[in-house]
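For reference, the structure is listed below as structure tokens.
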Amino acid sequence: MLGLMMNTPLLISNIAEHGAKFHGNREIVSVTADNPLHRYTYRECIGRAKQLANALHGMGAEQGDRIATLAWNDHRHLEAYYGISGAGFVCHTINPRLFPEQLVFIINHAEDRWIFTDVMFVPLLEAIADKIPNVEGFVVMTDKAHMPETKLNNIVCYEELIASESQEYDWPVLDERTASALCYTSGTTGDPKGVMYDHRSTILHAYAAVAPDVMNLSSHDVVLPVVPLFHVNAWGIPYSTFMTGAKIVFPGPKMGDGETLCNLLDAEDVTLALGVPTVWLALLQYCEAAGKRLDKLQRTVIGGAAVPRSMIEAFRDKHGVDVRQGWGMTETSPLGVANSLKAGIADMTPDERLDLATKAGRGLFGCELRIVDDKGNELPWDGEAYGPLQVRGPWICSDYYKLEGASGAHTDDGWFDTGDVATIDPEGYMAITDRTKDVIKSGGEWISSIELENTIMGHPAVAEAAVIGVAHLKWTERPLLIVVKAEGQDVTADELLAFFEGKVAKWWIPTDVEFVTELPHTATGKIKKIELRKQFADYQLTG
Ligand code: AMP
């Protein structure tokens, strides 16, 4: 017997309408290339998103067509999110930090019809324009006064495009499984793979994100997403804010600028900021050097890479900010787990709390977790056993877009193999020990590169660190620590190695240390270990 409840589809346009109706006057503040501090309201945003939807129909866009964006976090990009997806088209967000060959690959693979771009990415597009023949034209997200000189064909000014359109628009009533957005993984090997989100997955993910033990979002919050709109929907922030009425502050092209971030946090009364660890390193360093304290910020959600203990400590002790770690992937929309303190385990020393906070977190309702052994048997949740992490749920990808041949990422019983290796403790807190490809196997036992990196990041002379496995005659592999020294600091290899003593098992301590001036990063700001392994392929260990 079926229940007797309404079968109204879960659509992104519902979030747009909800935000505009219930929180119409809530502010959206953006740093943009043409305006250092643009301000308007949710209502104005959705009015303009509707103008854009009308314009897209006028441009001949059909349901399911991929319309791409190549842009930083600002109000126009947000309008594109609602205007494109809400009208039934697919918003394909492109990461501008990808290599030109990768850009060409994904634009052609997605068969994008139009690209909405920031002014500063026009040269990037000019360089590849002859290799992306399917693209019919480019919409530059600026006003007439700031339109660039360009060789690109069929170029349109965003403000002119929408100016003549009506703010009246009836959102189509779509099947909730209709594709809404497309994001490619920033894979370090092989071609990027497309993850196709739908309206239903997006809404369920946003519901999960706002929960108290996840982001704890409400209309009282002011949110600064330093996570880019061009990668995994900025962790769903465009949707979770409009669901709750939180004010949004977009940093525009100033994402990595500690000073701008610090000023925005203060001037706009930001309560929640989100970003990857690299971004917060820049902010913390700026605050330290400038003698500033983040007085207004209450909490930060950090994910995308392991969060060093020293970072959690710095936020807590120097700024009174609560760090919530999160784990996720492009394939998981991205939120899979979040780390907040559970009832019944609060009786901990500050040190034990820190240990817990360095874990990725507890599964959100809607994302099931399991860890398995080599044969696929489930491993115990004892905080010790580690193995490949698999997840399942309504906002986890069931396949990749137009992928030829099987990806091998899904198990026969319907779980997605994340490519991460993890432990899960008896309370359900999951900790990532490594990417499967980054695991170091020494004498048949695994060493967690992430734990070693987190430990050494606590040394004041270390700005950034990576640990990779290097071939060893006796032990097969041994860890090599690669370090970027903090500005104005000096330290020896022996001093760094001594720092590990008592903090990790003795046999985990790296065999050698190499100092470098910088580490290679992926387009999403993660350390590119594949590059490091190539660089140090012939490294001769001394021990
Ligand atoms: P992406 O698809 O580019 O967002 O990258 C997802 C990958 O980032 C995951 O598979 C993890 O390897 C890594 N990652 C994300 N969050 C964390 C975290 N909290 N701790 C360790 N690694 C993480």
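In the structure tokens, the first chain shown is A, the next is B, and so on; residue numbers restart at 1 for each chain, and ligands run from 1 in the order shown.
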
Kindly provide the residues of chain A that approach ligand 1 to within 8 Å, each paired with its closest atom pair and their distance in Å to one decimal, based on only C-alpha atoms and all ligand atoms, listed by chain and increasing number, as CSV.
```
residue,atom,partner,partner_atom_place_in_ligand_line,distance
A:Thr185,CA,ligand 1,2 (O),5.5
A:Ser186,CA,ligand 1,3 (O),5.5
A:Gly187,CA,ligand 1,3 (O),7.3
A:His231,CA,ligand 1,4 (O),7.5
A:Val232,CA,ligand 1,4 (O),6.9
A:Ile302,CA,ligand 1,19 (N),7.2
A:Gly303,CA,ligand 1,19 (N),4.5
A:Gly304,CA,ligand 1,15 (C),3.4
A:Ala305,CA,ligand 1,23 (C),3.7
A:Ala306,CA,ligand 1,20 (N),3.4
A:Val307,CA,ligand 1,19 (N),6.3
A:Gln325,CA,ligand 1,19 (N),5.8
A:Gly326,CA,ligand 1,19 (N),4.9
A:Trp327,CA,ligand 1,16 (N),3.7
A:Gly328,CA,ligand 1,15 (C),4.9
A:Met329,CA,ligand 1,2 (O),3.7
A:Thr330,CA,ligand 1,2 (O),3.8
A:Glu331,CA,ligand 1,2 (O),6.4
A:Pro334,CA,ligand 1,4 (O),6.8
A:Lys359,CA,ligand 1,19 (N),7.2
A:Ala360,CA,ligand 1,19 (N),4.5
A:Gly361,CA,ligand 1,19 (N),7.8
A:Thr418,CA,ligand 1,10 (O),5.9
A:Gly419,CA,ligand 1,10 (O),6.2
A:Asp420,CA,ligand 1,12 (O),5.4
A:Ala431,CA,ligand 1,20 (N),7.1
A:Ile432,CA,ligand 1,21 (C),5.2
A:Thr433,CA,ligand 1,21 (C),7.4
A:Asp434,CA,ligand 1,12 (O),6.9
A:Arg435,CA,ligand 1,12 (O),5.2
A:Ile450,CA,ligand 1,21 (C),7.5
A:Thr524,CA,ligand 1,3 (O),6.2
A:Lys526,CA,ligand 1,8 (O),7.7
```

Preceding selection exported with C-alpha atoms as a compact mmCIF listing (two decimals), in the first residue's frame:
```
# COMPACT_ATOMS: atom_id res chain seq x y z
CA THR A 185 36.74 15.36 -10.96
CA SER A 186 40.13 16.99 -10.89
CA GLY A 187 41.75 13.59 -11.28
CA HIS A 231 34.00 22.86 -7.68
CA VAL A 232 31.30 20.52 -6.29
CA ILE A 302 37.20 22.64 6.66
CA GLY A 303 37.48 19.75 4.25
CA GLY A 304 38.78 18.65 0.91
CA ALA A 305 42.02 17.50 2.55
CA ALA A 306 43.06 16.42 6.03
CA VAL A 307 42.95 19.25 8.54
CA GLN A 325 36.12 18.97 9.69
CA GLY A 326 34.21 17.46 6.81
CA TRP A 327 35.00 14.81 4.24
CA GLY A 328 33.62 14.48 0.78
CA MET A 329 34.32 14.17 -2.91
CA THR A 330 33.03 15.44 -6.22
CA GLU A 331 31.24 12.09 -6.47
CA PRO A 334 30.33 16.46 -1.68
CA LYS A 359 39.19 12.84 12.29
CA ALA A 360 37.08 13.43 9.18
CA GLY A 361 33.79 12.97 11.06
CA THR A 418 35.94 6.25 -2.76
CA GLY A 419 39.62 5.52 -3.39
CA ASP A 420 40.29 6.59 0.20
CA ALA A 431 39.38 9.09 9.75
CA ILE A 432 41.09 9.09 6.36
CA THR A 433 44.54 7.54 6.53
CA ASP A 434 45.40 7.94 2.85
CA ARG A 435 44.28 7.87 -0.74
CA ILE A 450 48.21 11.90 6.45
CA THR A 524 41.54 22.26 -6.18
CA LYS A 526 45.46 19.63 -2.80
```

Which residues of segment 18-105 of chain A sit at most 12 Å from segment 263-281 of chain A, using only C-alpha atoms? Give each one's shortest atom pair and distance in Å (one decimal place), in chain and ascending residue order, as a tab-separated table.
```
residue	atom	partner	partner_atom	distance
A:Glu27	CA	A:Glu268	CA	10.3
A:Ile28	CA	A:Glu268	CA	10.4
A:Val29	CA	A:Glu268	CA	8.5
A:Ser30	CA	A:Leu264	CA	9.9
A:Val31	CA	A:Leu264	CA	9.4
A:Pro36	CA	A:Leu264	CA	11.2
A:Leu37	CA	A:Leu264	CA	9.8
A:Arg39	CA	A:Glu268	CA	11.3
```

Show me, as a PDB file with C-alpha atoms, in the first residue's frame, the residues that have an atom within 10 Å of Ala234 of chain A when counting only C-alpha atoms, minus same-chain residues fewer than 5 positions from it.
```pdb
ATOM      1  CA  ASN A  73      32.392  33.153  -6.404  1.00  0.00           C
ATOM      2  CA  PRO A 225      32.183  30.236   1.164  1.00  0.00           C
ATOM      3  CA  VAL A 226      35.841  30.230   0.214  1.00  0.00           C
ATOM      4  CA  VAL A 227      35.071  26.917  -1.440  1.00  0.00           C
ATOM      5  CA  PRO A 228      34.678  27.696  -5.109  1.00  0.00           C
ATOM      6  CA  LEU A 229      31.360  27.664  -6.934  1.00  0.00           C
ATOM      7  CA  TYR A 239      21.245  25.859  -1.845  1.00  0.00           C
ATOM      8  CA  LEU A 274      34.122  27.238   4.633  1.00  0.00           C
ATOM      9  CA  GLY A 275      37.271  26.244   2.790  1.00  0.00           C
ATOM     10  CA  SER A 333      28.001  16.084  -3.796  1.00  0.00           C
ATOM     11  CA  PRO A 334      30.330  16.460  -1.678  1.00  0.00           C
TER      12      PRO A 334
END
```

Hey, which bits of segment 116-142 of chain A sit within 9 Å of segment 106-112 of chain A, and for each residue what's the closest pair of atoms and how far apart in Å (one decimal), counting only C-alpha atoms, rows by chain and increasing number, as a tab-separated table?
```
residue	atom	partner	partner_atom	distance
A:Lys131	CA	A:Asn108	CA	8.5
A:Ile132	CA	A:Asn108	CA	6.1
A:Pro133	CA	A:Asn108	CA	8.1
A:Asn134	CA	A:Glu111	CA	6.3
A:Val135	CA	A:Asp112	CA	5.9
A:Glu136	CA	A:Asp112	CA	8.5
```

Segment 278-400 of chain A: residues DSSP assigns to strand (DSSP E or B), reported as a ChimeraX atom specification: /A:299-302,322-328,335-338,361-363,368-372,378,387-392

Long-range neighbours of Ile468 of chain A as an NGL selection string, 10 Å cut-off, only C-alpha atoms, 2 positions minimum in chain: :A and (438-440 or 448-450 or 453 or 466 or 470 or 477-482 or 510 or 529-530 or 532-533 or 536)

Shell around segment 376-382 of chain A at 7 Å using only C-alpha atoms, local window under 5 positions removed, as a list of chain:residue names: A:Arg370, A:Ile371, A:Ile424, A:Asp425, A:Pro426

Dump of N, CA, C and O atoms for the selected residues, as a PDB file, in the first residue's frame:
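So the final result, stored in result17.pdb, reads:
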```pdb
ATOM      1  N   ARG A 370      31.130   2.253   4.903  1.00  0.00           N
ATOM      2  CA  ARG A 370      31.713   0.985   5.359  1.00  0.00           C
ATOM      3  C   ARG A 370      33.179   0.951   4.935  1.00  0.00           C
ATOM      4  O   ARG A 370      33.562   1.622   3.966  1.00  0.00           O
ATOM      5  N   ILE A 371      33.974   0.199   5.700  1.00  0.00           N
ATOM      6  CA  ILE A 371      35.352  -0.048   5.273  1.00  0.00           C
ATOM      7  C   ILE A 371      35.485  -1.552   5.061  1.00  0.00           C
ATOM      8  O   ILE A 371      34.852  -2.340   5.763  1.00  0.00           O
ATOM      9  N   ILE A 424      37.210   3.574  11.069  1.00  0.00           N
ATOM     10  CA  ILE A 424      35.978   4.111  11.679  1.00  0.00           C
ATOM     11  C   ILE A 424      35.986   3.654  13.138  1.00  0.00           C
ATOM     12  O   ILE A 424      36.212   2.469  13.414  1.00  0.00           O
ATOM     13  N   ASP A 425      35.801   4.577  14.080  1.00  0.00           N
ATOM     14  CA  ASP A 425      35.879   4.182  15.493  1.00  0.00           C
ATOM     15  C   ASP A 425      34.499   3.746  16.000  1.00  0.00           C
ATOM     16  O   ASP A 425      33.489   3.893  15.291  1.00  0.00           O
ATOM     17  N   PRO A 426      34.444   3.197  17.209  1.00  0.00           N
ATOM     18  CA  PRO A 426      33.168   2.655  17.689  1.00  0.00           C
ATOM     19  C   PRO A 426      32.058   3.702  17.775  1.00  0.00           C
ATOM     20  O   PRO A 426      30.875   3.361  17.761  1.00  0.00           O
TER      21      PRO A 426
END
```

Wanna dump the segment 12-50 of chain A-segment 83-103 of chain A contacts at 10 Å for me, each residue with its shortest atom pair and the distance in Å to one decimal, counting only C-alpha atoms, ordered by chain and number, as JSON lines?
```
{"residue": "A:Ile12", "atom": "CA", "partner": "A:Gly86", "partner_atom": "CA", "distance": 5.7}
{"residue": "A:Ser13", "atom": "CA", "partner": "A:Gly86", "partner_atom": "CA", "distance": 4.7}
{"residue": "A:Asn14", "atom": "CA", "partner": "A:Gly86", "partner_atom": "CA", "distance": 8.5}
{"residue": "A:Ile15", "atom": "CA", "partner": "A:Gly86", "partner_atom": "CA", "distance": 9.4}
{"residue": "A:Ala16", "atom": "CA", "partner": "A:Gly86", "partner_atom": "CA", "distance": 8.2}
{"residue": "A:Cys45", "atom": "CA", "partner": "A:Gly83", "partner_atom": "CA", "distance": 9.7}
{"residue": "A:Ile46", "atom": "CA", "partner": "A:Gly83", "partner_atom": "CA", "distance": 8.0}
{"residue": "A:Gly47", "atom": "CA", "partner": "A:Gly83", "partner_atom": "CA", "distance": 9.5}
{"residue": "A:Arg48", "atom": "CA", "partner": "A:Gly83", "partner_atom": "CA", "distance": 8.0}
{"residue": "A:Ala49", "atom": "CA", "partner": "A:Gly83", "partner_atom": "CA", "distance": 4.3}
{"residue": "A:Lys50", "atom": "CA", "partner": "A:Gly83", "partner_atom": "CA", "distance": 5.8}
```

Which of segment 231-407 of chain A fall in helix (DSSP H, G or I), as JSON, numbers by chain: {"A": [232, 233, 234, 235, 236, 237, 238, 239, 240, 241, 242, 243, 244, 258, 259, 260, 261, 262, 263, 264, 265, 266, 267, 277, 278, 279, 280, 281, 282, 283, 284, 285, 286, 287, 288, 289, 290, 309, 310, 311, 312, 313, 314, 315, 316, 317, 318, 319, 330, 331, 332, 350, 351, 352, 353, 354, 355, 356, 357]}

Output C-alpha atoms of each residue in that selection to a file, as a PDB file, in the first residue's frame.
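After the write, result_28.pdb holds the following:
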```
ATOM      1  CA  VAL A 232      31.303  20.521  -6.290  1.00  0.00           C
ATOM      2  CA  ASN A 233      28.723  23.308  -6.019  1.00  0.00           C
ATOM      3  CA  ALA A 234      30.731  25.028  -3.268  1.00  0.00           C
ATOM      4  CA  TRP A 235      29.690  22.223  -0.909  1.00  0.00           C
ATOM      5  CA  GLY A 236      26.029  23.011  -1.597  1.00  0.00           C
ATOM      6  CA  ILE A 237      26.194  26.506  -0.058  1.00  0.00           C
ATOM      7  CA  PRO A 238      24.088  28.185  -2.801  1.00  0.00           C
ATOM      8  CA  TYR A 239      21.245  25.859  -1.845  1.00  0.00           C
ATOM      9  CA  SER A 240      21.643  25.508   1.932  1.00  0.00           C
ATOM     10  CA  THR A 241      21.767  29.302   2.377  1.00  0.00           C
ATOM     11  CA  PHE A 242      18.605  29.895   0.347  1.00  0.00           C
ATOM     12  CA  MET A 243      16.906  27.108   2.306  1.00  0.00           C
ATOM     13  CA  THR A 244      17.679  28.819   5.598  1.00  0.00           C
ATOM     14  CA  GLY A 258      44.364  36.346   3.693  1.00  0.00           C
ATOM     15  CA  GLU A 259      43.938  40.091   4.100  1.00  0.00           C
ATOM     16  CA  THR A 260      40.718  40.307   2.045  1.00  0.00           C
ATOM     17  CA  LEU A 261      39.284  37.278   3.816  1.00  0.00           C
ATOM     18  CA  CYS A 262      40.131  38.697   7.236  1.00  0.00           C
ATOM     19  CA  ASN A 263      38.550  42.065   6.370  1.00  0.00           C
ATOM     20  CA  LEU A 264      35.402  40.429   4.969  1.00  0.00           C
ATOM     21  CA  LEU A 265      35.031  38.180   8.019  1.00  0.00           C
ATOM     22  CA  ASP A 266      35.164  41.215  10.254  1.00  0.00           C
ATOM     23  CA  ALA A 267      33.242  43.814   8.241  1.00  0.00           C
ATOM     24  CA  PRO A 277      43.092  23.817   4.621  1.00  0.00           C
ATOM     25  CA  THR A 278      45.401  25.721   2.218  1.00  0.00           C
ATOM     26  CA  VAL A 279      43.075  28.729   2.247  1.00  0.00           C
ATOM     27  CA  TRP A 280      42.982  28.823   6.033  1.00  0.00           C
ATOM     28  CA  LEU A 281      46.770  28.567   6.208  1.00  0.00           C
ATOM     29  CA  ALA A 282      46.938  31.842   4.255  1.00  0.00           C
ATOM     30  CA  LEU A 283      44.359  33.451   6.559  1.00  0.00           C
ATOM     31  CA  LEU A 284      46.001  32.275   9.782  1.00  0.00           C
ATOM     32  CA  GLN A 285      49.414  33.424   8.564  1.00  0.00           C
ATOM     33  CA  TYR A 286      48.004  36.835   7.693  1.00  0.00           C
ATOM     34  CA  CYS A 287      46.310  37.174  11.108  1.00  0.00           C
ATOM     35  CA  GLU A 288      49.524  36.165  12.869  1.00  0.00           C
ATOM     36  CA  ALA A 289      51.648  38.661  10.927  1.00  0.00           C
ATOM     37  CA  ALA A 290      49.128  41.506  11.210  1.00  0.00           C
ATOM     38  CA  ARG A 309      45.810  19.428  14.316  1.00  0.00           C
ATOM     39  CA  SER A 310      47.836  22.648  14.567  1.00  0.00           C
ATOM     40  CA  MET A 311      45.241  24.434  12.419  1.00  0.00           C
ATOM     41  CA  ILE A 312      42.371  23.304  14.611  1.00  0.00           C
ATOM     42  CA  GLU A 313      44.371  24.395  17.654  1.00  0.00           C
ATOM     43  CA  ALA A 314      45.214  27.817  16.146  1.00  0.00           C
ATOM     44  CA  PHE A 315      41.566  28.514  15.306  1.00  0.00           C
ATOM     45  CA  ARG A 316      40.451  27.382  18.762  1.00  0.00           C
ATOM     46  CA  ASP A 317      43.119  28.946  20.963  1.00  0.00           C
ATOM     47  CA  LYS A 318      44.022  32.118  19.082  1.00  0.00           C
ATOM     48  CA  HIS A 319      40.652  33.015  17.605  1.00  0.00           C
ATOM     49  CA  THR A 330      33.030  15.438  -6.222  1.00  0.00           C
ATOM     50  CA  GLU A 331      31.235  12.086  -6.468  1.00  0.00           C
ATOM     51  CA  THR A 332      29.476  12.599  -3.112  1.00  0.00           C
ATOM     52  CA  PRO A 350      41.203  19.375  25.513  1.00  0.00           C
ATOM     53  CA  ASP A 351      43.849  17.128  23.975  1.00  0.00           C
ATOM     54  CA  GLU A 352      41.435  14.264  23.440  1.00  0.00           C
ATOM     55  CA  ARG A 353      38.990  16.679  21.852  1.00  0.00           C
ATOM     56  CA  LEU A 354      41.706  17.780  19.461  1.00  0.00           C
ATOM     57  CA  ASP A 355      42.456  14.152  18.591  1.00  0.00           C
ATOM     58  CA  LEU A 356      38.795  13.656  17.769  1.00  0.00           C
ATOM     59  CA  ALA A 357      38.628  16.869  15.733  1.00  0.00           C
TER      60      ALA A 357
END
```

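Near Ala208 of chain A, within 8 Å and counting only C-alpha atoms, sit Leu204, His205, Ala206, Val210, Ala211, Val214, Leu364, Phe365 and Gly366 of chain A; same-chain residues fewer than 2 positions away were not included.
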